[in-house]
$ cat run_19.txt   # compact mmCIF, C-alpha atoms and all ligand atoms
# COMPACT_ATOMS: atom_id res chain seq x y z
CA MET A 564 77.45 55.43 146.06
CA LYS A 565 76.38 58.00 143.45
CA GLU A 566 72.96 57.60 141.87
CA ALA A 567 73.21 56.60 138.19
CA GLN A 568 72.06 59.16 135.64
CA LYS A 569 68.53 58.80 134.27
CA LEU A 570 68.28 57.49 130.71
CA ASP A 571 67.12 59.73 127.90
CA ILE A 572 64.01 57.93 126.66
CA THR A 573 62.50 60.87 124.77
CA LYS A 574 61.83 58.94 121.55
CA SER A 575 60.31 55.98 123.40
CA LEU A 576 57.93 58.38 125.15
CA GLU A 577 57.04 60.15 121.87
CA ILE A 578 56.27 56.86 120.12
CA PHE A 579 54.28 55.74 123.15
CA GLU A 580 52.22 58.93 123.13
CA GLU A 581 51.34 58.33 119.48
CA ALA A 582 50.68 54.64 120.21
CA CYS A 583 48.10 55.54 122.85
CA GLY A 584 45.93 56.98 120.06
CA LEU A 585 46.40 53.87 117.90
CA VAL A 586 46.58 50.85 120.20
CA PRO A 587 44.55 50.50 123.43
CA GLY A 588 46.90 51.44 126.26
CA GLY A 589 49.75 52.04 123.78
CA VAL A 590 51.19 48.53 124.06
CA LEU A 591 49.63 45.29 125.27
CA GLY A 592 50.20 42.85 128.10
CA ALA A 593 53.55 42.34 129.77
CA ARG A 594 55.26 44.99 127.61
CA ARG A 595 53.39 47.93 129.20
CA PRO A 596 55.51 50.59 130.93
CA GLY A 597 53.82 49.62 134.23
CA ASP A 598 55.35 46.15 133.92
CA PHE A 599 58.79 47.73 134.32
CA ILE A 600 59.40 51.11 136.02
CA LYS A 601 57.51 53.96 134.42
CA GLY A 602 59.72 56.78 133.20
CA GLU A 603 62.92 54.76 133.67
CA TYR A 604 62.75 51.92 131.14
CA PRO A 605 62.58 52.33 127.38
CA ILE A 606 59.25 51.33 125.82
CA PHE A 607 60.41 50.57 122.29
CA LEU A 608 63.51 48.71 121.16
CA GLU A 609 65.31 49.17 117.87
CA THR A 610 67.88 46.36 117.52
CA GLY A 611 69.33 43.37 119.29
CA GLU A 612 72.48 41.37 118.70
CA GLY A 613 73.87 38.55 120.81
CA SER A 614 73.21 39.55 124.41
CA HIS A 615 72.81 43.25 123.63
CA LEU A 616 69.82 45.49 122.94
CA THR A 617 69.54 49.04 121.68
CA ASP A 618 66.41 51.10 122.22
CA VAL A 619 64.92 53.72 119.89
CA ASP A 620 66.85 56.48 121.70
CA GLY A 621 70.17 54.70 121.12
CA ASN A 622 70.59 53.49 124.72
CA GLU A 623 72.44 50.19 124.86
CA PHE A 624 71.78 47.38 127.29
CA ILE A 625 73.05 43.96 128.24
CA ASP A 626 69.80 42.05 128.24
CA PHE A 627 68.63 39.43 130.75
CA LEU A 628 64.99 39.11 129.65
CA CYS A 629 65.75 37.25 126.40
CA GLY A 630 62.47 38.28 124.75
CA TYR A 631 60.64 36.83 127.81
CA GLY A 632 62.25 33.46 127.22
CA PRO A 633 62.63 32.42 123.58
CA ILE A 634 66.16 33.74 123.10
CA ILE A 635 68.33 30.84 124.23
CA LEU A 636 71.21 31.45 121.80
CA GLY A 637 71.20 35.21 121.32
CA TYR A 638 69.48 37.90 119.31
CA ARG A 639 69.99 37.70 115.54
CA GLU A 640 71.68 34.29 115.64
CA ARG A 641 72.99 34.11 112.08
CA GLU A 642 72.72 30.36 111.48
CA VAL A 643 69.10 30.24 112.61
CA ASP A 644 68.11 33.40 110.76
CA ASN A 645 69.89 32.25 107.57
CA ALA A 646 68.12 28.88 107.65
CA VAL A 647 64.74 30.58 108.03
CA CYS A 648 65.50 33.19 105.34
CA ALA A 649 66.63 30.47 102.92
CA GLN A 650 63.36 28.58 103.46
CA ILE A 651 61.31 31.75 102.96
CA LYS A 652 63.20 32.97 99.90
CA GLU A 653 64.02 29.72 98.15
CA LYS A 654 61.02 27.50 98.90
CA GLY A 655 58.25 29.39 100.68
CA PHE A 656 56.83 28.92 104.12
CA CYS A 657 53.05 29.40 104.02
CA PHE A 658 51.26 26.74 101.99
CA THR A 659 47.90 25.03 101.88
CA LEU A 660 49.34 21.70 102.97
CA THR A 661 51.72 20.65 105.71
CA GLN A 662 55.47 20.68 105.08
CA LYS A 663 57.69 17.71 105.81
CA PHE A 664 59.51 19.35 108.73
CA GLN A 665 56.87 18.19 111.20
CA ASN A 666 58.16 14.60 111.01
CA GLU A 667 61.76 15.64 111.50
CA LEU A 668 60.93 17.76 114.53
CA ALA A 669 58.63 15.13 116.06
CA LYS A 670 61.44 12.55 115.72
CA LYS A 671 63.90 14.90 117.40
CA LEU A 672 61.50 15.51 120.29
CA LYS A 673 61.07 11.75 120.76
CA GLU A 674 64.83 11.54 121.19
CA LEU A 675 65.09 14.42 123.61
CA VAL A 676 61.95 14.76 125.72
CA PRO A 677 61.28 11.83 128.07
CA SER A 678 57.46 11.98 127.72
CA SER A 679 57.47 12.40 123.92
CA GLN A 680 55.86 9.74 121.72
CA LEU A 681 53.56 11.79 119.45
CA SER A 682 53.59 15.55 118.92
CA ILE A 683 51.37 18.30 117.55
CA PHE A 684 52.70 21.70 116.53
CA LEU A 685 51.10 25.05 117.15
CA LYS A 686 52.35 28.61 117.36
CA THR A 687 52.12 30.07 120.89
CA GLY A 688 52.48 28.70 124.39
CA SER A 689 48.83 29.54 125.10
CA ASP A 690 47.76 27.55 122.01
CA ALA A 691 49.64 24.56 123.36
CA THR A 692 48.55 24.68 127.02
CA THR A 693 44.93 25.06 125.90
CA ALA A 694 45.26 22.18 123.42
CA SER A 695 46.76 19.99 126.16
CA ILE A 696 43.75 20.62 128.41
CA ARG A 697 41.33 19.89 125.60
CA MET A 698 43.15 16.64 124.88
CA ALA A 699 43.13 15.63 128.55
CA ARG A 700 39.40 16.34 128.76
CA ALA A 701 38.70 14.38 125.58
CA PHE A 702 40.86 11.46 126.74
CA THR A 703 39.40 11.18 130.26
CA GLY A 704 35.85 12.36 129.53
CA LYS A 705 36.22 14.58 132.63
CA ILE A 706 36.17 18.34 133.01
CA LYS A 707 38.04 19.65 136.04
CA VAL A 708 41.60 20.92 135.97
CA MET A 709 44.18 21.48 138.71
CA ARG A 710 46.77 24.06 137.79
CA CYS A 711 50.00 25.50 139.17
CA GLY A 712 51.84 28.35 137.44
CA TYR A 713 51.27 30.71 134.55
CA HIS A 714 49.82 28.98 131.48
CA GLY A 715 49.05 31.87 129.15
CA TRP A 716 46.23 34.23 128.32
CA HIS A 717 43.34 31.94 127.37
CA ASP A 718 39.95 31.92 129.09
CA TRP A 719 40.50 28.92 131.35
CA CYS A 720 43.71 30.18 132.97
CA VAL A 721 44.35 33.90 132.61
CA GLU A 722 44.71 35.86 135.86
CA MET A 723 42.74 38.94 134.78
CA LYS A 724 39.21 37.66 134.43
CA GLY A 725 37.74 40.66 132.56
CA GLY A 726 35.59 39.64 129.58
CA ILE A 727 35.45 35.94 130.52
CA PRO A 728 32.24 34.20 131.59
CA PRO A 729 32.95 32.41 134.93
CA LYS A 730 31.80 29.09 133.45
CA PHE A 731 34.98 29.07 131.35
CA TYR A 732 37.23 28.86 134.41
CA GLU A 733 35.01 27.68 137.27
CA ASP A 734 36.18 24.07 136.82
CA VAL A 735 39.82 25.11 137.16
CA PHE A 736 41.44 25.01 140.63
CA GLU A 737 44.80 26.36 141.65
CA PHE A 738 47.46 24.91 143.93
CA HIS A 739 50.85 26.34 144.88
CA TYR A 740 54.21 24.97 143.84
CA ASN A 741 55.74 22.60 146.41
CA LYS A 742 52.42 22.39 148.32
CA LEU A 743 51.51 18.79 147.73
CA ASP A 744 49.01 18.93 150.60
CA GLU A 745 47.00 21.59 148.73
CA LEU A 746 46.77 19.34 145.69
CA GLU A 747 45.92 16.32 147.86
CA GLU A 748 43.04 18.25 149.43
CA LEU A 749 41.74 19.38 146.05
CA MET A 750 41.99 15.88 144.63
CA ALA A 751 40.22 14.38 147.65
CA ILE A 752 37.22 16.56 146.69
CA HIS A 753 37.45 16.74 142.88
CA GLY A 754 39.79 13.89 141.91
CA ASN A 755 37.15 11.70 140.29
CA GLU A 756 35.96 14.54 138.06
CA THR A 757 39.44 15.79 137.16
CA ALA A 758 40.85 15.54 133.64
CA ALA A 759 44.26 17.16 134.09
CA ILE A 760 46.84 18.42 136.49
CA ILE A 761 48.85 21.06 134.64
CA MET A 762 51.91 22.58 136.28
CA THR A 763 55.33 24.04 135.68
CA PRO A 764 57.71 21.32 136.89
CA PHE A 765 60.11 24.03 138.05
CA GLY A 766 58.52 26.74 140.22
CA HIS A 767 58.45 30.13 138.53
CA PRO A 768 55.26 31.80 139.76
CA ASN A 769 54.69 35.35 138.48
CA HIS A 770 56.49 38.03 140.51
CA GLU A 771 57.55 35.50 143.18
CA LYS A 772 60.76 33.75 144.15
CA MET A 773 61.62 30.74 141.99
CA GLN A 774 61.58 27.25 143.51
CA GLU A 775 63.13 23.89 142.71
CA PRO A 776 60.96 20.90 143.61
CA GLY A 777 61.21 19.87 147.25
CA PRO A 778 61.93 16.19 148.01
CA GLY A 779 59.07 14.03 146.74
CA PHE A 780 56.96 16.90 145.39
CA LEU A 781 56.94 16.01 141.69
CA GLU A 782 56.80 12.29 142.50
CA GLY A 783 53.83 12.99 144.80
CA VAL A 784 52.00 14.84 142.03
CA ARG A 785 52.73 11.96 139.63
CA ASP A 786 51.31 9.48 142.19
CA LEU A 787 48.15 11.53 142.63
CA ALA A 788 47.65 11.70 138.86
CA ASN A 789 48.03 7.91 138.66
CA LYS A 790 45.73 7.32 141.61
CA TYR A 791 42.85 9.32 140.09
CA GLY A 792 43.51 8.45 136.44
CA VAL A 793 44.28 12.08 135.61
CA VAL A 794 46.47 13.32 132.74
CA LEU A 795 49.60 14.98 134.14
CA VAL A 796 50.75 17.87 131.96
CA PHE A 797 54.09 19.59 132.49
CA ASP A 798 54.10 23.13 131.17
CA GLU A 799 57.72 23.36 130.05
CA ILE A 800 57.25 26.45 127.91
CA ARG A 801 60.10 28.18 129.79
CA THR A 802 62.13 25.18 130.93
CA ALA A 803 62.47 22.89 127.90
CA PHE A 804 65.66 23.53 125.91
CA ARG A 805 66.80 25.67 128.82
CA LEU A 806 67.17 23.68 132.07
CA ARG A 807 67.87 20.57 130.01
CA MET A 808 67.14 19.77 126.37
CA GLY A 809 64.30 17.56 127.58
CA GLY A 810 63.17 20.12 130.14
CA ALA A 811 62.78 19.98 133.91
CA GLN A 812 61.37 16.45 133.57
CA GLU A 813 64.81 15.31 132.42
CA LEU A 814 66.54 17.22 135.22
CA TYR A 815 64.26 15.98 138.01
CA GLY A 816 63.45 12.52 136.63
CA VAL A 817 59.65 12.66 136.75
CA THR A 818 57.81 12.01 133.48
CA PRO A 819 54.39 13.52 132.76
CA ASP A 820 51.78 12.22 130.29
CA LEU A 821 51.84 15.38 128.18
CA THR A 822 54.43 18.12 127.85
CA VAL A 823 53.94 21.59 126.49
CA LEU A 824 56.97 23.27 124.88
CA GLY A 825 57.65 26.58 123.19
CA LYS A 826 59.87 29.62 123.65
CA ALA A 827 63.53 28.46 123.58
CA ILE A 828 62.89 25.65 121.10
CA ALA A 829 63.24 28.04 118.14
CA ASN A 830 65.29 31.02 119.42
CA GLY A 831 62.46 33.49 118.90
CA TYR A 832 60.50 32.11 115.96
CA PRO A 833 56.88 31.17 116.65
CA ILE A 834 56.28 27.52 117.32
CA SER A 835 54.89 25.55 120.26
CA VAL A 836 54.31 21.87 120.84
CA VAL A 837 52.18 19.42 122.76
CA THR A 838 54.05 16.15 122.98
CA GLY A 839 53.29 13.07 125.01
CA LYS A 840 51.95 9.60 125.42
CA LYS A 841 50.43 7.97 122.39
CA GLU A 842 47.10 7.06 123.95
CA VAL A 843 46.43 10.58 125.25
CA MET A 844 47.79 12.33 122.15
CA SER A 845 45.64 10.20 119.88
CA ALA A 846 42.57 12.05 121.17
CA ALA A 847 43.79 14.96 119.02
CA ALA A 848 43.30 12.94 115.85
CA ASP A 849 40.05 11.23 116.73
CA ARG A 850 37.85 13.73 118.47
CA LEU A 851 39.31 17.22 118.36
CA PHE A 852 39.69 19.98 115.84
CA ILE A 853 43.06 21.61 116.50
CA SER A 854 43.84 23.74 113.49
CA SER A 855 44.87 27.26 112.66
CA THR A 856 45.92 28.97 109.44
CA PHE A 857 49.49 29.52 110.64
CA PHE A 858 50.18 26.29 112.58
CA PRO A 859 51.88 24.52 109.63
CA ASN A 860 53.98 27.51 108.46
CA SER A 861 57.54 26.29 108.29
CA GLU A 862 59.56 29.23 109.67
CA GLY A 863 59.11 27.97 113.24
CA PHE A 864 59.96 24.36 112.29
CA VAL A 865 63.10 25.35 110.40
CA ALA A 866 64.17 27.62 113.25
CA ALA A 867 63.51 24.88 115.82
CA LEU A 868 65.49 22.26 113.91
CA LYS A 869 68.43 24.63 113.46
CA THR A 870 68.27 25.85 117.08
CA ILE A 871 68.26 22.27 118.39
CA GLU A 872 71.16 21.41 116.08
CA ILE A 873 73.20 24.29 117.55
CA LEU A 874 72.16 23.53 121.13
CA GLU A 875 73.43 19.97 120.71
CA ARG A 876 76.51 20.72 118.61
CA ASP A 877 77.84 23.54 120.81
CA ASN A 878 76.82 22.11 124.20
CA VAL A 879 74.94 25.33 124.77
CA LEU A 880 73.11 24.35 127.93
CA GLU A 881 76.32 23.12 129.59
CA ASN A 882 77.88 26.48 128.73
CA ILE A 883 74.93 28.36 130.26
CA TRP A 884 74.94 26.27 133.46
CA GLU A 885 78.69 26.60 133.85
CA LYS A 886 78.96 30.37 133.50
CA GLY A 887 75.58 30.89 135.15
CA ASP A 888 76.59 28.92 138.27
CA ARG A 889 79.68 31.07 138.64
CA PHE A 890 77.64 34.25 138.09
CA LEU A 891 75.02 33.26 140.66
CA LYS A 892 77.69 32.33 143.20
CA ASN A 893 79.18 35.79 142.81
CA ILE A 894 75.76 37.43 143.18
CA ARG A 895 75.23 35.45 146.39
CA GLY A 896 78.54 36.79 147.67
CA LEU A 897 77.41 40.35 146.92
CA LEU A 898 74.07 39.84 148.67
CA LYS A 899 76.00 38.79 151.79
CA LYS A 900 78.33 41.77 151.53
CA TYR A 901 75.37 44.20 151.18
CA PRO A 902 72.59 42.87 153.42
CA VAL A 903 69.74 45.03 152.12
CA GLY A 904 67.06 42.33 152.03
CA ALA A 905 67.74 41.22 148.44
CA GLU A 906 67.30 37.50 147.75
CA LEU A 907 68.48 35.35 144.87
CA SER A 908 66.40 32.38 143.72
CA GLY A 909 66.37 30.05 140.74
CA VAL A 910 69.08 28.15 138.91
CA ALA A 911 71.83 29.18 136.50
CA PRO A 912 69.73 29.40 133.29
CA MET A 913 66.87 31.31 134.99
CA PHE A 914 67.20 33.29 138.21
CA TYR A 915 65.56 36.19 140.01
CA ILE A 916 66.64 38.86 142.47
CA THR A 917 63.68 39.77 144.69
CA PHE A 918 63.40 41.64 147.99
CA GLU A 919 62.32 40.20 151.29
CA LYS A 920 58.74 41.29 151.91
CA GLU A 921 58.48 43.20 155.17
CA GLU A 922 55.14 44.51 156.43
CA SER A 923 56.17 48.13 156.06
CA GLY A 924 56.23 47.60 152.28
CA ARG A 925 59.72 49.14 152.11
CA TYR A 926 60.77 46.29 149.87
CA LYS A 927 58.83 47.93 147.05
CA GLY A 928 61.03 51.02 147.28
CA LYS A 929 64.16 48.90 147.40
CA ARG A 930 63.05 46.88 144.38
CA LYS A 931 62.27 50.03 142.44
CA ASP A 932 65.61 51.65 143.32
CA PHE A 933 67.63 48.51 142.59
CA TYR A 934 66.17 47.90 139.14
CA THR A 935 66.19 51.63 138.36
CA GLN A 936 69.94 51.73 139.03
CA LEU A 937 70.46 48.68 136.83
CA ILE A 938 68.50 49.94 133.83
CA ARG A 939 70.17 53.36 134.10
CA LYS A 940 73.56 51.64 134.03
CA GLY A 941 72.56 49.66 130.92
CA PHE A 942 71.45 46.28 132.33
CA PHE A 943 68.02 45.14 131.20
CA PHE A 944 66.37 43.17 134.01
CA SER A 945 62.73 43.32 135.08
CA PRO A 946 61.60 44.04 138.64
CA TYR A 947 58.60 41.76 138.09
CA HIS A 948 60.01 38.85 136.11
CA HIS A 949 62.96 36.52 136.53
CA ALA A 950 66.05 36.80 134.35
CA TYR A 951 67.56 34.39 131.81
CA ILE A 952 71.11 33.74 130.68
CA SER A 953 71.73 33.01 127.01
CA PHE A 954 74.58 31.38 125.10
CA ARG A 955 75.81 34.78 123.86
CA HIS A 956 76.30 36.29 127.32
CA THR A 957 80.06 36.63 127.54
CA GLU A 958 82.23 36.51 130.65
CA GLU A 959 82.78 40.23 130.11
CA ASP A 960 79.00 40.85 130.03
CA LEU A 961 78.56 38.92 133.25
CA ASN A 962 81.49 40.62 134.99
CA MET A 963 80.15 44.05 134.01
CA THR A 964 76.74 42.99 135.31
CA LEU A 965 78.25 41.91 138.63
CA ARG A 966 79.88 45.32 139.01
CA ALA A 967 76.53 47.03 138.28
CA ILE A 968 74.73 44.79 140.77
CA GLU A 969 77.36 45.60 143.40
CA GLU A 970 77.02 49.35 142.82
CA SER A 971 73.23 49.13 142.92
CA LEU A 972 73.33 47.19 146.19
CA ALA A 973 75.79 49.70 147.64
CA PHE A 974 73.38 52.49 146.63
CA LEU A 975 70.56 50.71 148.47
CA LYS A 976 72.74 50.11 151.53
CA GLU A 977 73.35 53.85 151.83
CA LYS A 978 69.75 54.82 151.20
CA TYR A 979 67.93 52.28 153.42
C1 LIG B 1001 54.99 28.55 131.60
C2 LIG B 1001 54.26 29.27 130.51
N1 LIG B 1001 53.19 28.69 129.95
C3 LIG B 1001 52.51 29.28 128.95
C4 LIG B 1001 52.87 30.52 128.47
C5 LIG B 1001 52.11 31.17 127.38
O1 LIG B 1001 52.88 31.27 126.24
P1 LIG B 1001 52.59 32.37 125.12
O2 LIG B 1001 52.89 33.71 125.76
O3 LIG B 1001 53.53 32.04 124.01
O4 LIG B 1001 51.15 32.25 124.73
C6 LIG B 1001 53.99 31.16 129.03
C7 LIG B 1001 54.41 32.49 128.56
O5 LIG B 1001 55.13 33.20 129.21
C8 LIG B 1001 54.70 30.51 130.07
O6 LIG B 1001 55.77 31.08 130.62

$ encode --input "run_19.txt" --output "structure tokens" --more "lines below"
Ligand SMILES: Cc1ncc(COP(=O)(O)O)c(C=O)c1O
Amino acid sequence: MKEAQKLDITKSLEIFEEACGLVPGGVLGARRPGDFIKGEYPIFLETGEGSHLTDVDGNEFIDFLCGYGPIILGYREREVDNAVCAQIKEKGFCFTLTQKFQNELAKKLKELVPSSQLSIFLKTGSDATTASIRMARAFTGKIKVMRCGYHGWHDWCVEMKGGIPPKFYEDVFEFHYNKLDELEELMAIHGNETAAIIMTPFGHPNHEKMQEPGPGFLEGVRDLANKYGVVLVFDEIRTAFRLRMGGAQELYGVTPDLTVLGKAIANGYPISVVTGKKEVMSAAADRLFISSTFFPNSEGFVAALKTIEILERDNVLENIWEKGDRFLKNIRGLLKKYPVGAELSGVAPMFYITFEKEESGRYKGKRKDFYTQLIRKGFFFSPYHHAYISFRHTEEDLNMTLRAIEESLAFLKEKY
């Protein structure tokens, strides 16, 4: 199988060079060139439409990153964008007082999310996970936190500890997804001082294979939270309005005390939510100051209401599961046909192709080659992050992607 031709990313590299003199490291966080494959991926994008992206050099891609999760419908979804533009142009969106949309959205969440009784609205996922921990601490009067998964960039949970005094995270303990025994052991020691267990109810640890809950895992966590009087928080930033409208808790039938939502709720516009049981949520009104200049801005609310309307009206999630299941089944077939150590994990709306880790470390080369072939062919996946399927991925997109995956696997088979 012939190696695909390298992309011309001259303009991306020029802009990046300039950026390095203007922004520390050129770009921040998970958008750095090192988070993809240096020299192969574009660094700056120009436009997006539906399931397609175009970079600043004019290279076109079918995209499977979906803006790292918020794009559930597609890029530039007219109805959502028009609703937001109308609000901005005809009424305004940044005022001194709260706009009425909060009630409408809170009512909708009560209908859709099993744990939802009261809601507060913020902007980012990190705002919301941090607010949920503060609420749990205020409600229980306890300090410690058990965590499982990525919960954002704030002091208590970020992986890179630079610049953070240890006291900000030394009461936070980590357990692994589907390892109930690890949580049991931690709770046996710290249970009586623990305020919250926060976890992603579907397993999507950074850079690792994705996992559905094993039998009894989520129920076991729920039982432990009950036993020790701890607030159970499901971080559904990636899974709500994607696995099910009401998140993984709806799919797996285990209800937390608090739920954190963001990303797909508004198809790219900034809004996040903590929603949950009345008695825990009420701590936010009585004892906490949770406020930010931009929290009440209405663009996120308007986008969320319109996105939810479309998700319900067009049975979007059913569409994604249906075509995604077929797509994943075909990928599985290809992985059998080309046994190069590639593995598929996840479920139709969010899935990940990783490589079996052998001691020799050869999997790193395979991963690099596989994703290099894909990006060169015009398919935007990340070697270090799972993929998403959106409403606007067409059958043709997915069939073209299957062909590219097959060619990339064939390339690996010859090389390794
Ligand atoms: C599960 C989860 N929680 C929290 C966050 C943090 O959200 P944000 O990046 O909007 O601050 C993310 C972001 O990727 C996430 O995936």

$ closest_residue --input "run_19.txt" --among "A:Leu576, A:Arg785, A:Leu585, A:Gly779" --to "Leu608 of chain A" --atoms "all atoms listed in the file"
A:Leu576

$ residues_around --input "run_19.txt" --residues "Phe890 of chain A" --least-positions-apart "3" --cutoff "9 Å" --atoms "only C-alpha atoms" --output "ChimeraX atom specification"
/A:885-887,893-895,911,961-962,965

$ axis_aligned_box --input "run_19.txt" --around "ligand LIG 1001 (chain B)" --padding-each-side "4 Å" --output "lines of an AutoDock Vina configuration file"
center_x = 53.5
center_y = 31.1
center_z = 127.8
size_x = 12.6
size_y = 13.2
size_z = 15.6

$ residues_around --input "run_19.txt" --residues "Val823 of chain A" --least-positions-apart "3" --cutoff "8 Å" --atoms "all atoms listed in the file" --output "mmCIF file with C-alpha atoms, in the coordinates of the input"
data_model
loop_
_atom_site.group_PDB
_atom_site.id
_atom_site.type_symbol
_atom_site.label_atom_id
_atom_site.label_comp_id
_atom_site.auth_asym_id
_atom_site.auth_seq_id
_atom_site.Cartn_x
_atom_site.Cartn_y
_atom_site.Cartn_z
ATOM 1 C CA GLY A 688 52.480 28.700 124.390
ATOM 2 C CA ALA A 691 49.640 24.560 123.360
ATOM 3 C CA THR A 692 48.550 24.680 127.020
ATOM 4 C CA SER A 695 46.760 19.990 126.160
ATOM 5 C CA VAL A 796 50.750 17.870 131.960
ATOM 6 C CA PHE A 797 54.090 19.590 132.490
ATOM 7 C CA ASP A 798 54.100 23.130 131.170
ATOM 8 C CA GLU A 799 57.720 23.360 130.050
ATOM 9 C CA ILE A 800 57.250 26.450 127.910
ATOM 10 C CA SER A 835 54.890 25.550 120.260
ATOM 11 C CA VAL A 836 54.310 21.870 120.840
ATOM 12 C CA VAL A 837 52.180 19.420 122.760
ATOM 13 C CA THR A 838 54.050 16.150 122.980
#

$ residues_near_ligand --input "run_19.txt" --ligand "ligand LIG 1001 (chain B)" --cutoff "10 Å" --atoms "all atoms listed in the file" --output "ChimeraX atom specification"
/A:592-593,630-633,686-693,711-717,720-721,761-769,797-802,823-826,833-835

$ write_last_selection --input "run_19.txt" --atoms "C-alpha atoms" --output "CSV table (one decimal), in the coordinates of the input"
chain,number,residue,atom,x,y,z
A,592,GLY,CA,50.2,42.8,128.1
A,593,ALA,CA,53.6,42.3,129.8
A,630,GLY,CA,62.5,38.3,124.8
A,631,TYR,CA,60.6,36.8,127.8
A,632,GLY,CA,62.2,33.5,127.2
A,633,PRO,CA,62.6,32.4,123.6
A,686,LYS,CA,52.4,28.6,117.4
A,687,THR,CA,52.1,30.1,120.9
A,688,GLY,CA,52.5,28.7,124.4
A,689,SER,CA,48.8,29.5,125.1
A,690,ASP,CA,47.8,27.6,122.0
A,691,ALA,CA,49.6,24.6,123.4
A,692,THR,CA,48.6,24.7,127.0
A,693,THR,CA,44.9,25.1,125.9
A,711,CYS,CA,50.0,25.5,139.2
A,712,GLY,CA,51.8,28.4,137.4
A,713,TYR,CA,51.3,30.7,134.6
A,714,HIS,CA,49.8,29.0,131.5
A,715,GLY,CA,49.0,31.9,129.2
A,716,TRP,CA,46.2,34.2,128.3
A,717,HIS,CA,43.3,31.9,127.4
A,720,CYS,CA,43.7,30.2,133.0
A,721,VAL,CA,44.4,33.9,132.6
A,761,ILE,CA,48.8,21.1,134.6
A,762,MET,CA,51.9,22.6,136.3
A,763,THR,CA,55.3,24.0,135.7
A,764,PRO,CA,57.7,21.3,136.9
A,765,PHE,CA,60.1,24.0,138.0
A,766,GLY,CA,58.5,26.7,140.2
A,767,HIS,CA,58.4,30.1,138.5
A,768,PRO,CA,55.3,31.8,139.8
A,769,ASN,CA,54.7,35.4,138.5
A,797,PHE,CA,54.1,19.6,132.5
A,798,ASP,CA,54.1,23.1,131.2
A,799,GLU,CA,57.7,23.4,130.0
A,800,ILE,CA,57.2,26.4,127.9
A,801,ARG,CA,60.1,28.2,129.8
A,802,THR,CA,62.1,25.2,130.9
A,823,VAL,CA,53.9,21.6,126.5
A,824,LEU,CA,57.0,23.3,124.9
A,825,GLY,CA,57.6,26.6,123.2
A,826,LYS,CA,59.9,29.6,123.6
A,833,PRO,CA,56.9,31.2,116.6
A,834,ILE,CA,56.3,27.5,117.3
A,835,SER,CA,54.9,25.6,120.3

$ atom_distance --input "run_19.txt" --atom1 "atom CA of Ala759 of chain A" --atom2 "atom CA of Gly909 of chain A"
26.4 Å

$ atom_distance --input "run_19.txt" --atom1 "atom CA of Val865 of chain A" --atom2 "atom CA of Lys670 of chain A"
14.0 Å

$ closest_residue --input "run_19.txt" --among "A:Arg805, A:Lys671, A:Lys742, A:His770" --to "Trp884 of chain A" --atoms "only C-alpha atoms"
A:Arg805

$ residues_around --input "run_19.txt" --residues "Gly613 of chain A" --least-positions-apart "4" --cutoff "9 Å" --atoms "all atoms listed in the file" --output "tab-separated table (two decimals) with C-alpha atoms, keeping the file's coordinate frame"
chain	number	residue	atom	x	y	z
A	636	LEU	CA	71.21	31.45	121.80
A	637	GLY	CA	71.20	35.21	121.32
A	638	TYR	CA	69.48	37.90	119.31
A	639	ARG	CA	69.99	37.70	115.54
A	640	GLU	CA	71.68	34.29	115.64
A	953	SER	CA	71.73	33.01	127.01
A	954	PHE	CA	74.58	31.38	125.10
A	955	ARG	CA	75.81	34.78	123.86
A	956	HIS	CA	76.30	36.29	127.32

$ atom_distance --input "run_19.txt" --atom1 "atom CA of Lys931 of chain A" --atom2 "atom CA of Thr917 of chain A"
10.6 Å

$ closest_residue --input "run_19.txt" --among "A:Lys929, A:Ala701, A:Phe864, A:Phe780" --to "Glu745 of chain A" --atoms "only C-alpha atoms"
A:Phe780

$ closest_residue --input "run_19.txt" --among "A:Ile760, A:Ala867, A:Ala847, A:Leu675" --to "Val647 of chain A" --atoms "all atoms listed in the file"
A:Ala867

$ closest_residue --input "run_19.txt" --among "A:Phe656, A:Phe943, A:Phe684, A:Phe804" --to "Ala827 of chain A" --atoms "only C-alpha atoms"
A:Phe804

$ build_atoms --input "run_19.txt" --residues "segment 773-777 of chain A" --atoms "N, CA, C and O atoms" --output "short mmCIF file (atom, residue, chain, number, x, y, z; two decimals), in the coordinates of the input"
data_model
loop_
_atom_site.label_atom_id
_atom_site.label_comp_id
_atom_site.auth_asym_id
_atom_site.auth_seq_id
_atom_site.Cartn_x
_atom_site.Cartn_y
_atom_site.Cartn_z
N MET A 773 61.68 31.99 142.74
CA MET A 773 61.62 30.74 141.99
C MET A 773 61.89 29.58 142.95
O MET A 773 62.56 29.75 143.96
N GLN A 774 61.39 28.40 142.61
CA GLN A 774 61.58 27.25 143.51
C GLN A 774 61.92 25.99 142.72
O GLN A 774 61.25 25.69 141.73
N GLU A 775 62.90 25.25 143.22
CA GLU A 775 63.13 23.89 142.71
C GLU A 775 62.17 22.97 143.46
O GLU A 775 61.71 23.30 144.55
N PRO A 776 61.89 21.79 142.90
CA PRO A 776 60.96 20.90 143.61
C PRO A 776 61.56 20.39 144.91
O PRO A 776 62.71 19.97 144.95
N GLY A 777 60.77 20.44 145.98
CA GLY A 777 61.21 19.87 147.25
C GLY A 777 61.20 18.34 147.13
O GLY A 777 60.61 17.79 146.20
#
